[in-house]
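Participant: Contents of protein-v3.json (JSON, C-alpha atoms):
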```json
[["chain", "number", "residue", "atom", "x", "y", "z"],
["A", 99, "MET", "CA", 94.50, 116.97, 106.77],
["A", 100, "PRO", "CA", 93.18, 114.10, 108.95],
["A", 101, "ASP", "CA", 92.85, 114.20, 112.69],
["A", 102, "GLU", "CA", 96.29, 114.00, 114.30],
["A", 103, "SER", "CA", 95.10, 111.35, 116.74],
["A", 104, "ASP", "CA", 93.89, 109.23, 113.84],
["A", 105, "LEU", "CA", 97.34, 109.31, 112.26],
["A", 106, "GLN", "CA", 98.89, 108.42, 115.62],
["A", 107, "ARG", "CA", 96.52, 105.47, 115.92],
["A", 108, "LEU", "CA", 97.49, 104.27, 112.43],
["A", 109, "TYR", "CA", 101.16, 104.58, 113.36],
["A", 110, "ASP", "CA", 100.76, 102.73, 116.66],
["A", 111, "GLU", "CA", 98.75, 99.92, 115.10],
["A", 112, "HIS", "CA", 100.63, 99.40, 111.85],
["A", 113, "ALA", "CA", 104.07, 101.05, 111.82],
["A", 114, "GLN", "CA", 105.84, 98.02, 113.34],
["A", 115, "ALA", "CA", 104.39, 95.69, 110.70],
["A", 116, "LEU", "CA", 105.21, 98.10, 107.89],
["A", 117, "PHE", "CA", 108.72, 98.57, 109.28],
["A", 118, "ALA", "CA", 109.39, 94.82, 109.29],
["A", 119, "PHE", "CA", 107.91, 94.32, 105.83],
["A", 120, "LEU", "CA", 109.89, 97.21, 104.34],
["A", 121, "LEU", "CA", 113.10, 96.24, 106.10],
["A", 122, "ASN", "CA", 112.75, 92.77, 104.65],
["A", 123, "PHE", "CA", 112.26, 94.35, 101.24],
["A", 124, "THR", "CA", 114.94, 97.04, 101.26],
["A", 125, "ARG", "CA", 117.45, 95.51, 103.69],
["A", 126, "ASP", "CA", 118.35, 99.08, 104.48],
["A", 127, "GLU", "CA", 117.22, 101.01, 107.56],
["A", 128, "ASP", "CA", 117.47, 104.46, 105.93],
["A", 129, "ASP", "CA", 115.39, 103.39, 102.96],
["A", 130, "THR", "CA", 112.85, 101.84, 105.31],
["A", 131, "ARG", "CA", 112.66, 105.11, 107.25],
["A", 132, "ASP", "CA", 112.16, 107.11, 104.03],
["A", 133, "LEU", "CA", 109.43, 104.80, 102.81],
["A", 134, "LEU", "CA", 107.60, 104.90, 106.14],
["A", 135, "GLN", "CA", 107.75, 108.70, 106.06],
["A", 136, "GLU", "CA", 106.38, 108.67, 102.52],
["A", 137, "ILE", "CA", 103.48, 106.44, 103.51],
["A", 138, "PHE", "CA", 102.46, 108.44, 106.57],
["A", 139, "THR", "CA", 102.84, 111.73, 104.71],
["A", 140, "ARG", "CA", 100.51, 110.37, 102.07],
["A", 141, "LEU", "CA", 98.04, 109.23, 104.71],
["A", 142, "ALA", "CA", 98.15, 112.69, 106.28],
["A", 143, "ARG", "CA", 97.58, 114.49, 103.00],
["A", 144, "GLN", "CA", 94.94, 112.18, 101.58],
["A", 145, "PRO", "CA", 92.39, 111.66, 104.36],
["A", 146, "GLY", "CA", 90.12, 109.53, 102.17],
["A", 147, "LEU", "CA", 92.83, 107.08, 101.23],
["A", 148, "LEU", "CA", 91.75, 104.42, 103.71],
["A", 149, "ARG", "CA", 88.04, 104.99, 103.22],
["A", 150, "GLY", "CA", 87.58, 102.33, 100.56],
["A", 151, "ALA", "CA", 89.84, 99.75, 102.22],
["A", 152, "ARG", "CA", 88.18, 96.59, 103.56],
["A", 153, "GLU", "CA", 90.98, 96.05, 106.08],
["A", 154, "GLU", "CA", 93.61, 98.57, 107.06],
["A", 155, "ARG", "CA", 96.62, 96.24, 107.38],
["A", 156, "PRO", "CA", 96.56, 94.64, 103.90],
["A", 157, "PHE", "CA", 95.80, 98.03, 102.39],
["A", 158, "LEU", "CA", 98.77, 99.65, 104.14],
["A", 159, "ILE", "CA", 101.00, 96.72, 103.19],
["A", 160, "ARG", "CA", 99.94, 97.31, 99.61],
["A", 161, "LEU", "CA", 100.84, 101.00, 99.89],
["A", 162, "ALA", "CA", 104.21, 100.04, 101.35],
["A", 163, "HIS", "CA", 104.79, 97.45, 98.63],
["A", 164, "ASN", "CA", 104.00, 99.96, 95.86],
["A", 165, "ALA", "CA", 106.18, 102.63, 97.45],
["A", 166, "ALA", "CA", 109.07, 100.18, 97.74],
["A", 167, "ILE", "CA", 108.65, 99.07, 94.12],
["A", 168, "ASP", "CA", 108.63, 102.73, 93.02],
["A", 169, "MET", "CA", 111.79, 103.39, 94.98],
["A", 170, "MET", "CA", 113.44, 100.34, 93.50],
["A", 171, "ARG", "CA", 112.48, 101.44, 89.99],
["A", 172, "ARG", "CA", 113.86, 104.90, 90.56],
["A", 173, "ARG", "CA", 117.16, 103.30, 91.43],
["A", 174, "GLY", "CA", 117.46, 101.22, 88.31],
["A", 175, "ALA", "CA", 116.93, 97.74, 87.05],
["A", 176, "ARG", "CA", 114.98, 95.39, 89.24],
["A", 177, "GLN", "CA", 117.33, 92.43, 88.98],
["A", 178, "LYS", "CA", 120.33, 94.59, 89.77],
["A", 179, "TYR", "CA", 118.67, 95.64, 92.97],
["A", 180, "TYR", "CA", 117.86, 92.04, 93.88],
["A", 181, "ASP", "CA", 121.47, 91.09, 93.37],
["A", 182, "GLN", "CA", 122.52, 93.90, 95.64],
["A", 183, "LEU", "CA", 120.01, 92.77, 98.26],
["A", 184, "ALA", "CA", 121.21, 89.21, 98.18],
["A", 185, "ASP", "CA", 124.70, 90.35, 99.11],
["A", 186, "GLU", "CA", 123.63, 92.30, 102.12],
["A", 187, "THR", "CA", 123.59, 90.61, 105.48],
["A", 188, "LEU", "CA", 121.46, 92.97, 107.50],
["A", 189, "THR", "CA", 119.50, 91.05, 110.09],
["A", 190, "PHE", "CA", 115.93, 91.97, 110.69],
["A", 191, "PHE", "CA", 115.38, 89.78, 113.72],
["A", 192, "ALA", "CA", 115.83, 90.86, 117.30],
["A", 193, "SER", "CA", 119.20, 89.98, 118.78],
["A", 194, "ALA", "CA", 119.40, 86.79, 120.84],
["A", 195, "GLU", "CA", 121.50, 86.02, 123.91],
["A", 196, "ASN", "CA", 121.75, 82.32, 123.16],
["A", 197, "PRO", "CA", 124.57, 81.85, 120.58],
["A", 198, "ASP", "CA", 122.77, 79.00, 118.81],
["A", 199, "GLU", "CA", 119.62, 81.06, 118.57],
["A", 200, "ALA", "CA", 121.60, 84.09, 117.37],
["A", 201, "GLU", "CA", 123.27, 81.97, 114.70],
["A", 202, "PHE", "CA", 119.93, 80.56, 113.59],
["A", 203, "ARG", "CA", 118.46, 84.05, 113.24],
["A", 204, "GLN", "CA", 121.48, 85.26, 111.32],
["A", 205, "SER", "CA", 121.27, 82.26, 108.98],
["A", 206, "LEU", "CA", 117.54, 82.73, 108.56],
["A", 207, "SER", "CA", 118.06, 86.39, 107.73],
["A", 208, "ARG", "CA", 120.63, 85.47, 105.07],
["A", 209, "ALA", "CA", 118.45, 82.68, 103.69],
["A", 210, "LEU", "CA", 115.54, 85.09, 103.41],
["A", 211, "ALA", "CA", 117.74, 87.58, 101.55],
["A", 212, "GLU", "CA", 118.56, 84.88, 99.02],
["A", 213, "LEU", "CA", 114.90, 84.24, 98.20],
["A", 214, "PRO", "CA", 113.45, 86.03, 95.19],
["A", 215, "TYR", "CA", 111.56, 89.04, 96.43],
["A", 216, "GLU", "CA", 108.20, 87.66, 95.27],
["A", 217, "GLN", "CA", 108.63, 84.63, 97.53],
["A", 218, "ARG", "CA", 110.18, 86.57, 100.39],
["A", 219, "ALA", "CA", 107.26, 89.00, 100.57],
["A", 220, "VAL", "CA", 104.70, 86.19, 100.71],
["A", 221, "VAL", "CA", 106.68, 84.22, 103.30],
["A", 222, "HIS", "CA", 107.03, 87.34, 105.42],
["A", 223, "LEU", "CA", 103.35, 88.23, 105.32],
["A", 224, "LYS", "CA", 102.27, 84.65, 106.01],
["A", 225, "LEU", "CA", 104.69, 83.87, 108.82],
["A", 226, "TRP", "CA", 105.09, 87.17, 110.61],
["A", 227, "GLU", "CA", 101.89, 88.99, 109.75],
["A", 228, "ASN", "CA", 99.64, 85.92, 109.90],
["A", 229, "LEU", "CA", 97.78, 87.10, 106.82],
["A", 230, "THR", "CA", 95.68, 84.61, 104.89],
["A", 231, "PHE", "CA", 96.54, 83.87, 101.26],
["A", 232, "ASP", "CA", 93.51, 85.93, 100.23],
["A", 233, "GLN", "CA", 94.79, 88.90, 102.23],
["A", 234, "ILE", "CA", 98.31, 88.44, 100.85],
["A", 235, "ALA", "CA", 96.92, 88.24, 97.33],
["A", 236, "ASP", "CA", 94.99, 91.44, 97.97],
["A", 237, "ALA", "CA", 98.02, 93.21, 99.39],
["A", 238, "LEU", "CA", 100.45, 92.15, 96.67],
["A", 239, "ASP", "CA", 97.97, 92.23, 93.80],
["A", 240, "LEU", "CA", 98.28, 88.61, 92.72],
["A", 241, "PRO", "CA", 95.97, 85.56, 92.61],
["A", 242, "PRO", "CA", 95.61, 83.61, 95.90],
["A", 243, "ASN", "CA", 96.89, 80.41, 94.25],
["A", 244, "THR", "CA", 100.04, 82.22, 93.19],
["A", 245, "ALA", "CA", 100.51, 83.51, 96.73],
["A", 246, "ALA", "CA", 100.14, 79.96, 98.07],
["A", 247, "SER", "CA", 102.60, 78.47, 95.60],
["A", 248, "ARG", "CA", 105.15, 81.21, 96.22],
["A", 249, "TYR", "CA", 104.88, 80.56, 99.93],
["A", 250, "ARG", "CA", 105.43, 76.84, 99.43],
["A", 251, "TYR", "CA", 108.47, 77.38, 97.18],
["A", 252, "GLY", "CA", 109.91, 79.90, 99.63],
["A", 253, "ILE", "CA", 109.43, 77.67, 102.66],
["A", 254, "ASP", "CA", 110.95, 74.69, 100.84],
["A", 255, "LYS", "CA", 114.05, 76.73, 100.01],
["A", 256, "LEU", "CA", 114.38, 77.99, 103.57],
["A", 257, "ARG", "CA", 113.96, 74.49, 104.94],
["A", 258, "GLU", "CA", 116.58, 73.15, 102.59],
["A", 259, "ARG", "CA", 118.97, 75.94, 103.42],
["A", 260, "LEU", "CA", 118.49, 75.79, 107.19],
["A", 261, "ARG", "CA", 118.10, 72.03, 107.60],
["A", 262, "PRO", "CA", 121.55, 71.32, 109.11],
["A", 263, "LEU", "CA", 121.33, 74.13, 111.60],
["A", 264, "TYR", "CA", 117.73, 73.40, 112.49],
["A", 265, "GLU", "CA", 118.42, 69.70, 113.07],
["A", 266, "GLU", "CA", 121.35, 70.62, 115.27],
["A", 267, "ILE", "CA", 119.55, 72.96, 117.63],
["A", 268, "LYS", "CA", 116.12, 71.33, 117.58],
["B", 103, "MET", "CA", 112.01, 67.73, 109.37],
["B", 104, "ASN", "CA", 108.36, 68.37, 110.08],
["B", 105, "THR", "CA", 107.15, 71.30, 107.99],
["B", 106, "ASP", "CA", 104.72, 72.55, 110.61],
["B", 107, "ASP", "CA", 107.39, 72.53, 113.29],
["B", 108, "PHE", "CA", 109.76, 74.35, 111.01],
["B", 109, "GLU", "CA", 107.22, 77.02, 110.14],
["B", 110, "LYS", "CA", 106.29, 77.45, 113.78],
["B", 111, "ARG", "CA", 109.94, 77.79, 114.62],
["B", 112, "LEU", "CA", 110.32, 80.55, 112.05],
["B", 113, "GLN", "CA", 107.19, 82.27, 113.30],
["B", 114, "ARG", "CA", 108.58, 82.40, 116.80],
["B", 115, "GLN", "CA", 111.60, 84.44, 115.72],
["B", 116, "PRO", "CA", 111.03, 87.96, 117.04],
["B", 117, "LEU", "CA", 111.39, 90.69, 114.44],
["B", 118, "ARG", "CA", 113.42, 93.82, 115.04],
["B", 119, "GLU", "CA", 111.56, 96.62, 116.77],
["B", 120, "ILE", "CA", 110.98, 99.89, 114.98],
["B", 121, "PRO", "CA", 113.21, 102.58, 116.54],
["B", 122, "ALA", "CA", 111.14, 104.49, 119.11],
["B", 123, "GLU", "CA", 112.41, 107.93, 118.05],
["B", 124, "TRP", "CA", 111.00, 107.45, 114.57],
["B", 125, "ARG", "CA", 107.42, 107.85, 115.83],
["B", 126, "GLU", "CA", 107.69, 111.52, 116.63],
["B", 127, "GLU", "CA", 109.86, 112.29, 113.59],
["B", 128, "ILE", "CA", 107.61, 110.54, 111.11],
["B", 129, "LEU", "CA", 104.34, 111.89, 112.52],
["B", 130, "LYS", "CA", 105.78, 115.40, 112.69],
["B", 131, "GLY", "CA", 107.12, 115.09, 109.14],
["B", 132, "ALA", "CA", 103.76, 113.84, 107.89],
["B", 133, "GLN", "CA", 101.84, 116.76, 109.44],
["B", 134, "THR", "CA", 104.23, 119.50, 108.29],
["B", 135, "PRO", "CA", 102.40, 121.58, 105.66],
["B", 136, "ARG", "CA", 104.23, 122.26, 102.45],
["B", 137, "HIS", "CA", 103.95, 125.18, 100.03],
["B", 138, "SER", "CA", 100.60, 124.85, 98.27],
["B", 139, "SER", "CA", 101.91, 124.99, 94.70],
["B", 140, "SER", "CA", 104.62, 122.47, 95.32],
["B", 141, "VAL", "CA", 102.09, 120.24, 97.05],
["B", 142, "THR", "CA", 99.77, 120.41, 94.07],
["B", 143, "ARG", "CA", 102.58, 119.82, 91.60],
["B", 144, "HIS", "CA", 104.11, 116.99, 93.60],
["B", 145, "SER", "CA", 100.79, 115.31, 94.28],
["B", 146, "PHE", "CA", 99.85, 115.56, 90.60],
["B", 147, "LEU", "CA", 103.18, 114.10, 89.51],
["B", 148, "SER", "CA", 103.14, 111.41, 92.17],
["B", 149, "THR", "CA", 99.54, 110.51, 91.30],
["B", 150, "LEU", "CA", 100.45, 110.31, 87.61],
["B", 151, "ASN", "CA", 103.53, 108.28, 88.45],
["B", 152, "SER", "CA", 101.54, 105.99, 90.71],
["B", 153, "LYS", "CA", 98.79, 105.47, 88.10],
["B", 154, "LEU", "CA", 101.34, 104.75, 85.36],
["B", 155, "SER", "CA", 103.22, 102.42, 87.66],
["B", 156, "THR", "CA", 100.05, 100.54, 88.49],
["B", 157, "VAL", "CA", 99.21, 100.15, 84.81],
["B", 158, "LEU", "CA", 102.67, 99.41, 83.43],
["B", 159, "TRP", "CA", 104.47, 97.55, 86.16],
["B", 160, "PRO", "CA", 102.62, 94.21, 86.20],
["B", 161, "HIS", "CA", 103.82, 93.37, 82.65],
["B", 162, "PRO", "CA", 106.95, 95.42, 81.90],
["B", 163, "LYS", "CA", 108.16, 93.00, 79.20],
["B", 164, "ALA", "CA", 104.84, 93.20, 77.38],
["B", 165, "TRP", "CA", 104.94, 97.01, 77.39],
["B", 166, "ALA", "CA", 108.58, 97.02, 76.29],
["B", 167, "GLY", "CA", 107.67, 94.66, 73.45],
["B", 168, "LEU", "CA", 104.80, 96.91, 72.40],
["B", 169, "ALA", "CA", 107.08, 99.94, 72.46],
["B", 170, "ALA", "CA", 109.68, 98.08, 70.37],
["B", 171, "ALA", "CA", 106.97, 97.12, 67.86],
["B", 172, "TRP", "CA", 105.94, 100.76, 67.53],
["B", 173, "VAL", "CA", 109.55, 101.84, 67.01],
["B", 174, "LEU", "CA", 109.87, 99.18, 64.30],
["B", 175, "ILE", "CA", 106.65, 100.34, 62.60],
["B", 176, "VAL", "CA", 107.80, 103.96, 62.62],
["B", 177, "ALA", "CA", 111.24, 102.98, 61.29],
["B", 178, "VAL", "CA", 109.70, 100.91, 58.47],
["B", 179, "HIS", "CA", 107.33, 103.76, 57.67],
["B", 180, "PHE", "CA", 110.15, 106.28, 57.32],
["B", 181, "ALA", "CA", 112.33, 103.87, 55.39],
["B", 182, "SER", "CA", 109.61, 103.06, 52.85],
["B", 183, "SER", "CA", 108.27, 106.59, 52.32],
["B", 184, "ASP", "CA", 109.34, 108.53, 49.15],
["B", 185, "PRO", "CA", 112.29, 110.77, 50.13],
["B", 186, "SER", "CA", 111.69, 113.19, 47.21],
["B", 187, "LEU", "CA", 108.22, 113.83, 48.59],
["B", 188, "GLN", "CA", 109.69, 114.73, 51.97],
["B", 189, "VAL", "CA", 112.29, 116.99, 50.33],
["B", 190, "ALA", "CA", 109.55, 118.67, 48.33],
["B", 191, "LYS", "CA", 107.54, 119.14, 51.48],
["B", 192, "LYS", "CA", 110.48, 120.62, 53.31],
["B", 193, "ALA", "CA", 111.51, 122.93, 50.41],
["B", 194, "GLN", "CA", 110.63, 126.56, 50.90],
["B", 195, "PRO", "CA", 109.31, 128.64, 47.95],
["B", 196, "PRO", "CA", 112.18, 130.74, 46.53],
["B", 197, "THR", "CA", 112.28, 134.37, 47.56],
["B", 198, "PRO", "CA", 111.96, 137.14, 44.92],
["B", 199, "GLU", "CA", 115.70, 137.91, 45.24],
["B", 200, "VAL", "CA", 116.58, 134.30, 44.48],
["B", 201, "LEU", "CA", 114.27, 134.33, 41.47],
["B", 202, "VAL", "CA", 115.93, 137.48, 40.12],
["B", 203, "ILE", "CA", 119.40, 135.93, 40.58],
["B", 204, "LEU", "CA", 118.30, 132.73, 38.84],
["B", 205, "GLN", "CA", 116.90, 134.71, 35.90],
["B", 206, "GLN", "CA", 120.16, 136.66, 35.64],
["B", 207, "GLN", "CA", 122.16, 133.43, 35.66],
["B", 208, "GLN", "CA", 119.96, 131.91, 32.97],
["B", 209, "ARG", "CA", 120.40, 135.03, 30.83],
["B", 210, "LEU", "CA", 124.17, 134.96, 31.28],
["B", 211, "LEU", "CA", 124.28, 131.28, 30.40],
["B", 212, "ALA", "CA", 122.24, 131.90, 27.27],
["B", 213, "GLU", "CA", 124.65, 134.67, 26.21],
["B", 214, "LEU", "CA", 127.69, 132.46, 26.80],
["B", 215, "VAL", "CA", 126.33, 129.37, 25.05],
["B", 216, "GLY", "CA", 124.68, 131.18, 22.23],
["B", 217, "PRO", "CA", 121.47, 130.10, 20.49],
["B", 218, "THR", "CA", 120.62, 126.62, 21.59],
["B", 219, "MET", "CA", 120.83, 123.87, 19.02],
["B", 220, "PRO", "CA", 117.99, 121.38, 18.97],
["B", 221, "ARG", "CA", 118.98, 118.03, 20.36],
["B", 222, "GLU", "CA", 119.26, 114.93, 18.27],
["B", 223, "ALA", "CA", 115.98, 113.62, 19.54],
["B", 224, "ASP", "CA", 114.18, 116.89, 18.92],
["B", 225, "ARG", "CA", 115.51, 117.36, 15.41],
["B", 226, "PRO", "CA", 112.92, 116.56, 12.71],
["B", 227, "LYS", "CA", 113.67, 113.38, 10.86],
["B", 228, "PRO", "CA", 114.71, 113.76, 7.22],
["B", 229, "ASN", "CA", 111.81, 113.10, 4.95],
["B", 230, "THR", "CA", 113.47, 110.33, 2.95],
["B", 231, "ALA", "CA", 111.61, 107.54, 1.27],
["B", 232, "GLN", "CA", 111.28, 104.43, 3.37],
["B", 233, "PRO", "CA", 110.28, 100.98, 2.14],
["B", 234, "ARG", "CA", 106.65, 100.36, 2.88],
["B", 235, "SER", "CA", 105.80, 97.68, 5.30],
["B", 236, "GLU", "CA", 104.16, 94.64, 3.79],
["B", 237, "ARG", "CA", 103.01, 93.20, 7.06],
["B", 238, "ARG", "CA", 99.46, 94.31, 6.52],
["B", 239, "MET", "CA", 99.29, 92.50, 3.25],
["B", 240, "GLU", "CA", 100.69, 89.35, 4.83],
["B", 241, "THR", "CA", 98.01, 89.47, 7.48],
["B", 242, "VAL", "CA", 95.28, 89.90, 4.90],
["B", 243, "CYS", "CA", 96.65, 87.00, 2.80],
["B", 244, "ALA", "CA", 96.83, 84.74, 5.83]]
```
Now that the file is in, can you turn its structure into structure tokens?
Facilitator:
Amino acid sequence: MPDESDLQRLYDEHAQALFAFLLNFTRDEDDTRDLLQEIFTRLARQPGLLRGAREERPFLIRLAHNAAIDMMRRRGARQKYYDQLADETLTFFASAENPDEAEFRQSLSRALAELPYEQRAVVHLKLWENLTFDQIADALDLPPNTAASRYRYGIDKLRERLRPLYEEIK
Amino acid sequence: MNTDDFEKRLQRQPLREIPAEWREEILKGAQTPRHSSSVTRHSFLSTLNSKLSTVLWPHPKAWAGLAAAWVLIVAVHFASSDPSLQVAKKAQPPTPEVLVILQQQQRLLAELVGPTMPREADRPKPNTAQPRSERRMETVCA
């Protein structure tokens, strides 16, 4: 079992990022909570898990991604789960006082939910984790060029979807 | 719409905060020791599951195709194999009691039918004179 303070440090440094990534994936707070628990339990029981990692954040994102995929597979067909996700309207942005801003965030949340997961994950890691395409490729186990093209496709779809609203409140 | 502006605008959107009460719950849950045997069993199963997932997940269609091909090969194999051979393989040697019963039945049948008559095919052909073939002579003459 690793040092308790080490686990606390990992939580303080990375839990917020993992929470946002998993919430974007699952669109469900309970599932996100379960997956976070699974990841930190694994870290507690396998002290050497992070030893071979070049960088902690991409490695932990990878763990989270694999755990989420496993959970999704346990629940059934992948596409079925995507369809379910697309219908959900859970927002994963902070609430805003300004109505225009609140509407933009709500629309962005819905537009993100409509993206295929492969694009949504890359867009999330690029925009809100500021990871490079190499780091994203490492975390999601895909070639950097694929990560870059998925990001471009995802951003184009978001721009298309949010154009009227964005032009209005710009 | 300028792409950079749009991306910067998206980046500025603050994400939801992780609930503060989760910290203590998750860290406490992670540190709680479990029963050793269940830990070993679970970790073995989860490791196996994780390894299999890592290997199989990137190309699920390819693996499904391979599995389907194997099912087809096995089906063709069973369909083309000699069924009598399989029946013979499955058949058990008769027990002594069964042999005795069979012998009794054969004896009873023989008594009921009487002495067996030779079949048409087995009966010796009557030794009547047949015209000799002249084919040999024709061949020699030719």
Participant: For the atom pair CA of Leu120 in chain A and CA of Asp232 in chain A, what is the interatomic distance in Å to one decimal place?
Facilitator: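 CA of Leu120 in chain A sits 20.3 Å away from CA of Asp232 in chain A.
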Participant: Specify as a ChimeraX atom specification all residues of chain B found within 6 Å of chain A, counting only C-alpha atoms.
Facilitator: /B:113,116-118,120,128,132
Participant: Give as number ranges by chain each residue that has an atom at most 12 Å from (95.9, 100.4, 101.7) in the file, counting all atoms listed in the file.
Facilitator: A: 108, 112, 116, 137-138, 140-141, 144, 146-165, 233, 236-239
Participant: Between CA of Arg111 in chain B and CA of Ser207 in chain A, what distance in Å does the model show, to one decimal?
Facilitator: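 Interatomic distance, CA of Arg111 in chain B to CA of Ser207 in chain A: 13.7 Å.
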Participant: What is the CA of Phe123 in chain A to CA of Arg172 in chain A distance in Å?
Facilitator: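 Between CA of Phe123 in chain A and CA of Arg172 in chain A the gap is 15.1 Å.
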Participant: Generate N, CA and C atoms for range 198-209 of chain B and emit them as an mmCIF file, keeping the file's coordinate frame.
Facilitator:
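Dumped everything to rebuild04.cif:
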```cif
data_model
loop_
_atom_site.group_PDB
_atom_site.id
_atom_site.type_symbol
_atom_site.label_atom_id
_atom_site.label_comp_id
_atom_site.auth_asym_id
_atom_site.auth_seq_id
_atom_site.Cartn_x
_atom_site.Cartn_y
_atom_site.Cartn_z
ATOM 1 N N PRO B 198 111.837 136.335 46.158
ATOM 2 C CA PRO B 198 111.960 137.140 44.920
ATOM 3 C C PRO B 198 113.413 137.411 44.548
ATOM 4 N N GLU B 199 114.286 137.637 45.541
ATOM 5 C CA GLU B 199 115.700 137.910 45.240
ATOM 6 C C GLU B 199 116.334 136.716 44.546
ATOM 7 N N VAL B 200 116.014 135.521 45.063
ATOM 8 C CA VAL B 200 116.580 134.300 44.480
ATOM 9 C C VAL B 200 116.093 134.140 43.038
ATOM 10 N N LEU B 201 114.823 134.446 42.825
ATOM 11 C CA LEU B 201 114.270 134.330 41.470
ATOM 12 C C LEU B 201 114.992 135.264 40.501
ATOM 13 N N VAL B 202 115.236 136.491 40.964
ATOM 14 C CA VAL B 202 115.930 137.480 40.120
ATOM 15 C C VAL B 202 117.332 136.971 39.785
ATOM 16 N N ILE B 203 118.035 136.440 40.801
ATOM 17 C CA ILE B 203 119.400 135.930 40.580
ATOM 18 C C ILE B 203 119.378 134.768 39.587
ATOM 19 N N LEU B 204 118.401 133.888 39.750
ATOM 20 C CA LEU B 204 118.300 132.730 38.840
ATOM 21 C C LEU B 204 118.075 133.189 37.408
ATOM 22 N N GLN B 205 117.188 134.199 37.253
ATOM 23 C CA GLN B 205 116.900 134.710 35.900
ATOM 24 C C GLN B 205 118.168 135.319 35.287
ATOM 25 N N GLN B 206 118.932 136.051 36.127
ATOM 26 C CA GLN B 206 120.160 136.660 35.640
ATOM 27 C C GLN B 206 121.144 135.588 35.190
ATOM 28 N N GLN B 207 121.236 134.522 35.991
ATOM 29 C CA GLN B 207 122.160 133.430 35.660
ATOM 30 C C GLN B 207 121.759 132.741 34.368
ATOM 31 N N GLN B 208 120.452 132.564 34.190
ATOM 32 C CA GLN B 208 119.960 131.910 32.970
ATOM 33 C C GLN B 208 120.299 132.774 31.740
ATOM 34 N N ARG B 209 120.099 134.104 31.926
ATOM 35 C CA ARG B 209 120.400 135.030 30.830
ATOM 36 C C ARG B 209 121.889 134.976 30.477
#
```
